[in-house]
Amino acid sequence: MEKFTTLTGIAAPLPLINVDTDMIIPKQFLKTIKRTGLGVNLFDEMRYDDNGDEIPDFVLNKPAYRDAQILIAGENFGCGSSREHAPWAIADFGIRCVVAPSYADIFFNNCFKNGILPVVLPQEQVDRLMDDASKGANARMTVDLERQEITTPSGDTIPFEVDPFRKHCLLNGLDDIGLTLEKASAIESFEAQSAQSRPWV
């Protein structure tokens with residue numbers, strides 16, 4: 001998993017509440033078991049019309065936000081079914097950080113496991129960042145995970161909280177497999193001892 005330390009990029013505003021996982025990546029794209037290739041279908045039903053043409057008014061189709069790496073969203077982001085394809089699609093598009101007042105629990109946990117930092121902030125601070133994100137190409141923000149702060153386009157900083165264990169995992173690029181591999185020597189030692197003491201197993 002790619003490490004998350006400091007991210008500077010364009011922030012895209014998505015002022016919608018209750019954005020569920022089917023809106024993030026519709027069910028027809030869930031056949032794949034690969035984590036790549038889903039970014040083109042992120043928010044598919046909002047990005048494209050029935051003919052597959054881009055809807056110009058949707059934020060990620062606007063020139064200023066095509067390379068957005070931060071998403072400012074409304075409350076209860078990622079609700080609905082517990083599909084891990086949702087953070088896969090977000091990450092594959094290039095978004096590494098989502099800021100919202102609240103998230104659905106399963107989506108929130110899946111973000112950390114896929115290298116995405118979901119920041120929780122009070123509504124008034126999210127509203128402020130949403131206004132900043134509306135500045136188009138000038139909506140550049142910096143998210144510093146080590147310092148746990150967001151720097152706005154005007155240079156102001158907003159602190160945020162993050163679980164220490166999850167912070168450690170993101171800073172070091174550790175998903176569940178990576179965490180297990182950190183204990184590889186201990187596992188190998190245990191298996192060697194077990195093979196000697198219980199050769200019949």
# chains A, B, ... in the order shown; residues from 1 in each chain; ligands from 1

call {"tool": "closest_atom_pairs", "arguments": {"of": "segment 59-121 of chain A", "to": "segment 148-172 of chain A", "cutoff": "12 Å", "atoms": "only C-alpha atoms", "output": "JSON lines"}}
result
{"residue": "A:Ile70", "atom": "CA", "partner": "A:Ile150", "partner_atom": "CA", "distance": 10.9}
{"residue": "A:Arg96", "atom": "CA", "partner": "A:Leu170", "partner_atom": "CA", "distance": 10.9}
{"residue": "A:Cys97", "atom": "CA", "partner": "A:Ile150", "partner_atom": "CA", "distance": 10.7}
{"residue": "A:Val98", "atom": "CA", "partner": "A:Ile150", "partner_atom": "CA", "distance": 11.6}
{"residue": "A:Val99", "atom": "CA", "partner": "A:Ile150", "partner_atom": "CA", "distance": 10.0}
{"residue": "A:Ala100", "atom": "CA", "partner": "A:Phe160", "partner_atom": "CA", "distance": 11.4}
{"residue": "A:Pro101", "atom": "CA", "partner": "A:Phe160", "partner_atom": "CA", "distance": 11.4}
{"residue": "A:Phe108", "atom": "CA", "partner": "A:Arg166", "partner_atom": "CA", "distance": 11.2}
{"residue": "A:Asn109", "atom": "CA", "partner": "A:Arg166", "partner_atom": "CA", "distance": 9.3}
{"residue": "A:Asn110", "atom": "CA", "partner": "A:Arg166", "partner_atom": "CA", "distance": 11.2}
{"residue": "A:Cys111", "atom": "CA", "partner": "A:Leu170", "partner_atom": "CA", "distance": 10.1}
{"residue": "A:Phe112", "atom": "CA", "partner": "A:Arg166", "partner_atom": "CA", "distance": 6.7}
{"residue": "A:Lys113", "atom": "CA", "partner": "A:Leu170", "partner_atom": "CA", "distance": 8.4}
{"residue": "A:Asn114", "atom": "CA", "partner": "A:Leu170", "partner_atom": "CA", "distance": 9.0}
{"residue": "A:Gly115", "atom": "CA", "partner": "A:Leu170", "partner_atom": "CA", "distance": 6.2}
{"residue": "A:Ile116", "atom": "CA", "partner": "A:Leu170", "partner_atom": "CA", "distance": 8.0}
{"residue": "A:Leu117", "atom": "CA", "partner": "A:Leu170", "partner_atom": "CA", "distance": 7.8}
{"residue": "A:Pro118", "atom": "CA", "partner": "A:Val162", "partner_atom": "CA", "distance": 8.9}
{"residue": "A:Val119", "atom": "CA", "partner": "A:Phe160", "partner_atom": "CA", "distance": 6.9}
{"residue": "A:Val120", "atom": "CA", "partner": "A:Phe160", "partner_atom": "CA", "distance": 7.0}
{"residue": "A:Leu121", "atom": "CA", "partner": "A:Phe160", "partner_atom": "CA", "distance": 6.7}

call {"tool": "select_by_dssp", "arguments": {"residues": "segment 59-180 of chain A", "states": "alpha helix (DSSP H)", "output": "number ranges by chain"}}
result
A: 85-93, 105-113, 123-133, 164-171, 176-180

call {"tool": "residues_around", "arguments": {"residues": "segment 81-86 of chain A", "least_positions_apart": "4", "cutoff": "10 Å", "atoms": "only C-alpha atoms", "output": "VMD selection string"}}
result
chain A and resid 20 to 27 29 to 36 38 to 39 42 to 43 90 to 92 104 to 107 109 to 111 113 to 114

call {"tool": "select_by_dssp", "arguments": {"residues": "segment 36-200 of chain A", "states": "strand (DSSP E or B)", "output": "number ranges by chain"}}
result
A: 48, 54, 70-73, 77, 79, 97-100, 103, 117-120, 140-144, 149-151, 157-159

call {"tool": "closest_atom_pairs", "arguments": {"of": "segment 92-132 of chain A", "to": "segment 50-62 of chain A", "cutoff": "12 Å", "atoms": "only C-alpha atoms", "output": "JSON lines"}}
result
{"residue": "A:Phe93", "atom": "CA", "partner": "A:Leu60", "partner_atom": "CA", "distance": 9.9}
{"residue": "A:Gly94", "atom": "CA", "partner": "A:Leu60", "partner_atom": "CA", "distance": 11.3}
{"residue": "A:Ile95", "atom": "CA", "partner": "A:Leu60", "partner_atom": "CA", "distance": 11.0}

call {"tool": "residues_around", "arguments": {"residues": "Asp131 of chain A", "least_positions_apart": "5", "cutoff": "10 Å", "atoms": "only C-alpha atoms", "output": "ChimeraX atom specification"}}
result
/A:13,15,72,125-126,139

call {"tool": "write_last_selection", "arguments": {"atoms": "N, CA and C atoms", "output": "tab-separated table (two decimals), in the first residue's frame"}}
result
chain	number	residue	atom	x	y	z
A	13	PRO	N	-15.17	20.03	-4.47
A	13	PRO	CA	-16.33	20.10	-3.57
A	13	PRO	C	-17.46	19.18	-4.04
A	15	PRO	N	-20.92	18.84	-2.35
A	15	PRO	CA	-21.80	19.21	-1.23
A	15	PRO	C	-23.10	18.40	-1.19
A	72	ILE	N	-14.00	17.08	-0.72
A	72	ILE	CA	-14.72	17.64	0.42
A	72	ILE	C	-16.19	17.25	0.25
A	125	GLN	N	-16.41	23.61	9.85
A	125	GLN	CA	-15.09	23.58	9.21
A	125	GLN	C	-15.16	22.93	7.83
A	126	VAL	N	-16.01	21.92	7.69
A	126	VAL	CA	-16.22	21.33	6.36
A	126	VAL	C	-16.83	22.36	5.42
A	139	ALA	N	-7.98	25.95	-5.62
A	139	ALA	CA	-8.42	25.19	-4.44
A	139	ALA	C	-7.36	24.17	-4.01

call {"tool": "atom_distance", "arguments": {"atom1": "atom CA of Glu75 of chain A", "atom2": "atom CA of Leu129 of chain A"}}
result
13.7 Å

call {"tool": "atom_distance", "arguments": {"atom1": "atom CA of Asp49 of chain A", "atom2": "atom CA of Asp127 of chain A"}}
result
28.8 Å

call {"tool": "atom_distance", "arguments": {"atom1": "atom CA of Ser102 of chain A", "atom2": "atom CA of Phe77 of chain A"}}
result
6.5 Å

call {"tool": "closest_residue", "arguments": {"among": "A:Lys135, A:Ala11, A:Thr6, A:Tyr48", "to": "Arg147 of chain A", "atoms": "only C-alpha atoms"}}
result
A:Thr6

call {"tool": "closest_residue", "arguments": {"among": "A:Arg128, A:Arg198, A:Arg66, A:Arg47", "to": "Ala12 of chain A", "atoms": "only C-alpha atoms"}}
result
A:Arg66

call {"tool": "closest_residue", "arguments": {"among": "A:Val143, A:Val40, A:Ala137, A:Ala64", "to": "Ala89 of chain A", "atoms": "only C-alpha atoms"}}
result
A:Val40

call {"tool": "closest_residue", "arguments": {"among": "A:Leu14, A:Gln69, A:Leu174, A:Gly74", "to": "Met46 of chain A", "atoms": "only C-alpha atoms"}}
result
A:Leu14

call {"tool": "closest_residue", "arguments": {"among": "A:Pro122, A:Pro63, A:Pro199, A:Gly37", "to": "Trp88 of chain A", "atoms": "only C-alpha atoms"}}
result
A:Gly37
